[in-house]
Every structure is written in C-alpha cells, then in structure tokens.
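Visitor: Input target-v9.csv, format and content: CSV, C-alpha atoms.
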```
chain,number,residue,atom,x,y,z
C,24,GLY,CA,20.7,-34.0,42.5
C,25,GLN,CA,19.6,-35.6,45.7
C,26,ALA,CA,22.9,-37.3,46.4
C,27,ILE,CA,24.8,-34.1,46.0
C,28,ASP,CA,22.3,-32.2,48.3
C,29,THR,CA,22.7,-34.8,51.0
C,30,LEU,CA,26.4,-35.5,50.7
C,31,PRO,CA,27.8,-33.0,53.4
C,32,ALA,CA,25.0,-34.1,55.8
C,33,VAL,CA,25.8,-37.8,55.2
C,34,LEU,CA,29.6,-37.3,55.6
C,35,ASN,CA,29.1,-35.4,58.9
C,36,THR,CA,26.6,-38.0,60.2
C,37,ALA,CA,28.9,-40.9,59.3
C,38,GLN,CA,31.8,-39.3,61.1
C,39,ALA,CA,29.7,-38.1,64.1
C,40,ALA,CA,28.0,-41.5,64.6
C,41,ASP,CA,31.1,-43.5,63.6
C,42,ILE,CA,29.2,-45.5,61.0
C,43,GLY,CA,29.6,-46.2,57.3
C,44,LEU,CA,28.5,-43.9,54.5
C,45,ALA,CA,25.7,-46.2,53.3
C,46,GLU,CA,24.2,-46.4,56.8
C,47,ALA,CA,24.5,-42.7,57.3
C,48,SER,CA,22.9,-42.0,53.9
C,49,GLU,CA,20.0,-44.3,54.7
C,50,MET,CA,19.4,-42.5,58.1
C,51,VAL,CA,19.4,-39.1,56.6
C,52,THR,CA,17.2,-40.1,53.7
C,53,LYS,CA,14.7,-41.9,55.9
C,54,ALA,CA,14.4,-38.9,58.1
C,55,VAL,CA,14.1,-36.4,55.2
C,56,MET,CA,11.3,-38.5,53.6
C,57,GLY,CA,9.6,-39.5,56.8
C,58,MET,CA,9.2,-35.9,57.9
C,59,GLY,CA,8.2,-34.7,54.5
C,60,LEU,CA,11.3,-32.4,54.1
C,61,GLN,CA,13.2,-31.4,51.0
C,62,PHE,CA,16.6,-33.1,50.4
C,63,SER,CA,18.1,-29.6,50.6
C,64,GLU,CA,17.2,-29.8,54.3
C,65,ALA,CA,19.5,-32.9,54.9
C,66,GLY,CA,21.9,-30.7,56.8
C,67,ARG,CA,19.1,-29.8,59.3
C,68,VAL,CA,18.4,-33.5,59.8
C,69,ALA,CA,22.1,-34.2,60.5
C,70,ASP,CA,22.3,-31.3,62.9
C,71,VAL,CA,19.2,-32.3,64.8
C,72,LEU,CA,20.3,-36.0,65.0
C,73,ALA,CA,23.8,-34.9,66.3
C,74,LEU,CA,22.6,-32.4,68.9
C,75,GLY,CA,19.7,-34.6,69.9
C,76,ALA,CA,22.1,-37.5,70.6
C,77,ASN,CA,24.5,-35.2,72.5
C,78,ALA,CA,21.8,-33.6,74.6
C,79,THR,CA,20.0,-36.8,75.6
C,80,ASN,CA,20.6,-40.4,76.7
C,81,THR,CA,20.6,-41.8,73.1
C,82,SER,CA,22.9,-42.1,70.1
C,83,ILE,CA,22.6,-40.8,66.6
C,84,THR,CA,21.7,-44.3,65.5
C,85,GLY,CA,19.1,-44.8,68.2
C,86,LEU,CA,17.5,-41.4,67.6
C,87,SER,CA,17.4,-42.1,63.9
C,88,GLN,CA,15.9,-45.6,64.4
C,89,ALA,CA,13.1,-44.2,66.7
C,90,LEU,CA,12.5,-41.4,64.2
C,91,SER,CA,12.0,-43.8,61.4
C,92,TYR,CA,9.0,-45.4,63.2
C,93,ALA,CA,7.4,-42.2,64.2
C,94,ALA,CA,8.2,-39.7,61.5
C,95,PRO,CA,5.3,-40.3,59.0
C,96,VAL,CA,2.5,-39.9,61.5
C,97,ALA,CA,4.4,-37.0,63.2
C,98,ASN,CA,4.6,-35.3,59.9
C,99,SER,CA,0.9,-35.9,59.2
C,100,LEU,CA,0.0,-34.3,62.5
C,101,GLY,CA,2.2,-31.3,61.6
C,102,LEU,CA,4.9,-31.9,64.2
C,103,SER,CA,8.3,-30.5,63.3
C,104,LEU,CA,11.4,-32.6,63.0
C,105,GLU,CA,12.7,-30.8,66.1
C,106,THR,CA,9.6,-31.5,68.2
C,107,THR,CA,9.6,-35.2,67.2
C,108,ALA,CA,13.3,-35.6,68.0
C,109,ALA,CA,12.8,-33.8,71.4
C,110,ILE,CA,10.0,-36.2,72.4
C,111,ILE,CA,12.1,-39.2,71.4
C,112,GLY,CA,15.1,-37.7,73.3
C,113,LYS,CA,13.0,-37.3,76.5
C,114,PHE,CA,11.8,-40.9,76.1
C,115,ALA,CA,15.5,-41.9,76.0
C,116,ASP,CA,16.2,-39.9,79.1
C,117,ALA,CA,13.5,-41.9,80.9
C,118,GLY,CA,15.4,-45.1,79.9
C,119,ILE,CA,13.2,-46.1,77.0
C,120,ASP,CA,15.3,-47.6,74.2
C,121,ALA,CA,15.1,-46.5,70.6
C,122,SER,CA,12.8,-49.1,69.1
C,123,ARG,CA,10.4,-48.9,72.0
C,124,ALA,CA,10.5,-45.1,71.9
C,125,GLY,CA,9.7,-45.0,68.2
C,126,THR,CA,6.9,-47.6,68.5
C,127,ALA,CA,5.4,-45.8,71.5
C,128,LEU,CA,5.5,-42.4,69.9
C,129,ASN,CA,4.0,-43.9,66.7
C,130,SER,CA,1.2,-45.4,68.8
C,131,ILE,CA,0.5,-42.3,70.8
C,132,LEU,CA,0.4,-40.1,67.7
C,133,SER,CA,-1.7,-42.6,65.7
C,134,GLN,CA,-4.3,-42.7,68.5
C,135,PHE,CA,-4.2,-38.9,68.8
C,136,SER,CA,-4.9,-38.5,65.1
C,137,ASP,CA,-8.0,-40.7,65.3
C,138,PRO,CA,-10.9,-38.6,66.7
C,139,ALA,CA,-12.8,-41.8,67.7
C,140,SER,CA,-9.9,-43.3,69.7
C,141,LYS,CA,-10.3,-44.0,73.4
C,142,PHE,CA,-7.3,-41.7,74.0
C,143,ARG,CA,-9.1,-38.7,72.3
C,144,THR,CA,-12.3,-39.6,74.2
C,145,GLU,CA,-10.5,-39.5,77.5
C,146,LEU,CA,-8.6,-36.3,76.6
C,147,ALA,CA,-12.0,-34.7,75.8
C,148,ALA,CA,-13.4,-35.9,79.2
C,149,ALA,CA,-10.4,-34.1,80.8
C,150,GLY,CA,-11.4,-31.0,78.9
C,151,ILE,CA,-8.6,-31.3,76.2
C,152,THR,CA,-10.1,-31.0,72.8
C,153,THR,CA,-7.3,-29.4,70.7
C,154,THR,CA,-6.1,-31.2,67.6
C,155,ASP,CA,-2.6,-29.7,68.1
C,156,PHE,CA,-0.6,-32.5,69.7
C,157,GLU,CA,1.9,-30.2,71.4
C,158,LYS,CA,-0.9,-28.2,73.0
C,159,ALA,CA,-2.6,-31.3,74.1
C,160,LEU,CA,0.6,-32.6,75.7
C,161,HIS,CA,1.0,-29.4,77.6
C,162,GLN,CA,-2.7,-29.4,78.7
C,163,LEU,CA,-2.4,-33.1,79.7
C,164,ALA,CA,0.7,-32.3,81.8
C,165,ALA,CA,-1.2,-29.4,83.5
C,166,ALA,CA,-4.3,-31.6,84.1
C,167,GLY,CA,-2.5,-33.7,86.6
C,168,PRO,CA,-4.6,-36.6,88.0
C,169,ALA,CA,-7.6,-35.6,85.8
C,170,GLY,CA,-5.5,-36.7,82.8
C,171,SER,CA,-4.6,-40.2,84.2
C,172,LYS,CA,-7.4,-42.0,82.3
C,173,ALA,CA,-6.2,-40.5,79.0
C,174,ILE,CA,-2.7,-41.8,79.7
C,175,LEU,CA,-4.1,-45.3,80.5
C,176,ALA,CA,-6.1,-45.2,77.3
C,177,VAL,CA,-3.0,-45.2,75.0
C,178,GLY,CA,-2.4,-48.8,76.2
C,179,GLN,CA,0.3,-50.8,78.0
C,180,GLU,CA,3.0,-50.2,75.4
C,181,ALA,CA,2.7,-46.5,75.0
C,182,GLY,CA,1.2,-45.5,78.4
C,183,PRO,CA,4.4,-45.8,80.4
C,184,ALA,CA,6.3,-43.8,77.8
C,185,LEU,CA,3.7,-41.0,77.8
C,186,ARG,CA,3.8,-41.0,81.6
C,187,ALA,CA,7.6,-40.8,81.7
C,188,LEU,CA,7.5,-37.9,79.2
C,189,LEU,CA,5.0,-36.0,81.3
C,190,ALA,CA,6.9,-36.8,84.6
C,191,GLN,CA,10.0,-35.0,83.3
C,192,GLY,CA,7.9,-31.9,82.9
C,193,MET,CA,7.0,-29.9,79.9
C,194,GLY,CA,9.8,-27.4,80.7
C,195,ALA,CA,12.4,-30.1,80.0
C,196,LEU,CA,10.8,-30.9,76.7
C,197,ASP,CA,10.4,-27.3,75.6
C,198,GLU,CA,14.0,-26.6,76.6
C,199,LEU,CA,15.3,-29.5,74.5
C,200,LYS,CA,13.1,-28.5,71.5
C,201,ALA,CA,14.5,-24.9,71.7
C,202,LYS,CA,18.0,-26.3,71.6
C,203,LEU,CA,17.2,-28.5,68.6
C,204,ASP,CA,15.6,-25.4,66.9
C,205,ASN,CA,19.1,-23.9,67.0
C,206,ALA,CA,21.0,-27.1,66.1
C,207,ALA,CA,22.7,-25.6,63.0
C,208,GLY,CA,26.4,-26.7,62.8
C,209,SER,CA,26.0,-29.5,65.4
C,210,ALA,CA,26.8,-32.4,63.0
C,211,ALA,CA,30.0,-30.8,61.7
C,212,ALA,CA,31.1,-29.9,65.3
C,213,THR,CA,30.4,-33.5,66.5
C,214,ALA,CA,32.2,-34.9,63.4
C,215,ALA,CA,35.2,-32.7,64.1
C,216,THR,CA,35.3,-33.8,67.8
C,217,MET,CA,35.2,-37.5,66.7
C,218,GLN,CA,38.0,-36.8,64.2
C,219,ASN,CA,40.1,-35.0,66.9
C,220,ASN,CA,39.5,-37.9,69.3
C,221,LEU,CA,40.5,-40.3,66.7
C,222,ASN,CA,43.6,-38.3,65.8
C,223,GLY,CA,44.4,-38.1,69.5
C,224,SER,CA,44.1,-41.8,69.9
C,225,LEU,CA,46.2,-42.5,66.8
C,226,SER,CA,49.0,-40.1,67.9
C,227,GLY,CA,48.9,-41.6,71.4
C,228,LEU,CA,49.2,-45.0,69.8
C,229,SER,CA,52.2,-44.0,67.6
C,230,SER,CA,54.0,-42.4,70.5
C,231,ALA,CA,53.4,-45.6,72.5
C,232,TRP,CA,54.8,-47.6,69.6
C,233,ASP,CA,57.9,-45.4,69.4
C,234,THR,CA,58.5,-46.0,73.1
C,235,VAL,CA,58.3,-49.7,72.5
C,236,LYS,CA,60.6,-49.6,69.5
C,237,ASN,CA,63.2,-47.5,71.3
C,238,THR,CA,63.4,-49.6,74.4
```
In structure tokens, how does this file's structure come out?
Guide:
Amino acid sequence: GQAIDTLPAVLNTAQAADIGLAEASEMVTKAVMGMGLQFSEAGRVADVLALGANATNTSITGLSQALSYAAPVANSLGLSLETTAAIIGKFADAGIDASRAGTALNSILSQFSDPASKFRTELAAAGITTTDFEKALHQLAAAGPAGSKAILAVGQEAGPALRALLAQGMGALDELKAKLDNAAGSAAATAATMQNNLNGSLSGLSSAWDTVKNT
C-alpha cells in the first residue's frame, strides 16, 4: 500500500532532515500529491528535497514548505517536481525564505496560467506569448529591460522574487535543474552522512566521558 511505498523515502527524509517520522511522512505525501505523482515516486521526492537543500541556501523542511504552496499550480502548468524545486532553490539563494518563496511562486504561476492577467498582457507586449512557463522565463530573461513591465505586473510580493530569479541568470537555474534531474540516491546519502556525523559526535562524547571518568 501507500505507506509501504513511501516508507524508505520517509525514513531517509526523517534522517536527512533530522525530523520525526510523522513530519517526514507529511512532507513526502504533500509533495507527491501536490505534484500529481504516484506514491511509488516517493523516493524521487525524497532525493529532490535532499539534493535541493544541499545545493541551495535552504533546508529540506524549507524546500518542502515552499513546495507545498506552489506544487498544485506548478503541476497544473506541467512543471516537473525538479523544475519547481530548482526555482524555489534559486529564490532561497537570493535570500527569500521558504514561505515567501512558496507564496511568490504560487502567485507568479497563478498569474501566468490566467491568459487575462496583467502579467500575461505585459509578457505579450514584450513579444512573449508561449504558454510554457519555462520557455517564458528564459525569454523574459533574454528580453532584458523590455521585460521589466511584465516583472512589475506580478505585484509587490512576487515581483522582487521573479527579479531575483532572473538576476541569477537562467544558466544557474538550468544547472540546478539538471542536478535535480539526477538526484537519485541523494536522500540515502544525506541520511548516511547525518548518521555518521551523529555517530561521530556520540563516540566523541563517550571518549570525552571516559577521559573525565579516568581522571
């Protein structure tokens, strides 16, 4: 069943993020459902969360929180889990915290999915008419100053996030997405590292205790 499908992913996420099983289970489940995936893909979710957190200025918990805001609309626009996580990761690298990143991405994507929105009108005015969000993002980056009205159109909340994403360059986003596309095994590796660090700390502690006892 569902619980058995997600168990390895949940265990690795709990260890990698240093959180309880219930919280890890909720994170993995929300991401699977939000992105319209199968529960058999829980391992992919855990790997993307682990590598995304390692590769950017956020944590597994932060990335998961932001993803929970943005996943349903990202999924409806046909964005992959990896692309969505990469955008959130780049928001984080620009110093935008998790809840703001998730809210901003949700807002940008919602406006992009509405053909009548001011965002879409300004994109069209800059010659950007694709309904593929990734393509539109690359075209907006290439448009330079001609795209500034479109960036302003997404509003005061989401505008700065979109500007920060574009300022880092599409190369940085594409590179992170490529990494996330090859994230297999990341959750287990991160969990193992956490476990080794813990064991290291514990053995350090016991040798310190031995020194105290024997003096």
Visitor: I'd like the neighbourhood of region 203-214 of chain C as JSON, numbers by chain, where a residue qualifies if any of its atoms comes within 9 Å (using all atoms listed in the file), though same-chain residues fewer than 6 positions away should be ignored.
Guide: {"C": [31, 32, 34, 35, 36, 37, 38, 39, 40, 41, 66, 67, 69, 70, 71, 72, 73, 74, 75, 77, 105, 106, 108, 109]}
Visitor: May I have the residues within 10 Å of Asn98 (chain C) as a PyMOL selection string, using only C-alpha atoms and disregarding those fewer than 4 positions away in the same chain?
Guide: chain C and resi 56-60+93-94+102-104+107
Visitor: Rounded to one decimal in Å, what is the spacing between CA of Thr152 (chain C) and CA of Leu90 (chain C)?
Guide: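 Straight-line distance from CA of Thr152 (chain C) to CA of Leu90 (chain C) works out to 26.3 Å.
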Visitor: How many Å lie between CA of Pro138 (chain C) and CA of Pro183 (chain C), rounded to one decimal?
Guide: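 So the answer is 21.8 Å.
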Visitor: Separation of CA of Asp116 (chain C) and CA of Ile83 (chain C), in Å?
Guide: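 It comes out at 14.1 Å.
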Visitor: Set the distance at 12 Å and use all atoms listed in the file: which residues neighbour Ile119 (chain C) once local chain neighbours fewer than 4 positions away are removed? I'd like the list as a PyMOL selection string.
Guide: chain C and resi 79-81+85-86+89+110-115+123-128+180-181+183-188
Visitor: Need to verify the contact set: Val96 (chain C), 9 Å, all atoms listed in the file, exclusion of same-chain residues closer than 4 positions in sequence. Can you return it as a ChimeraX atom specification?
Guide: /C:57-58,92,100-102,129,132-133,136
Visitor: Please list as a ChimeraX atom specification every residue within 9 Å of Met193 (chain C), counting all atoms listed in the file and excluding residues in the same chain fewer than 4 positions away.
Guide: /C:160-161,164-165,188-189,197-198
Visitor: From the set C:Lys200, C:Lys53, C:Lys141, C:Lys158, which residue has the shortest atom-to-atom contact distance to Ile174 (chain C), counting all atoms listed in the file?
Guide: C:Lys141
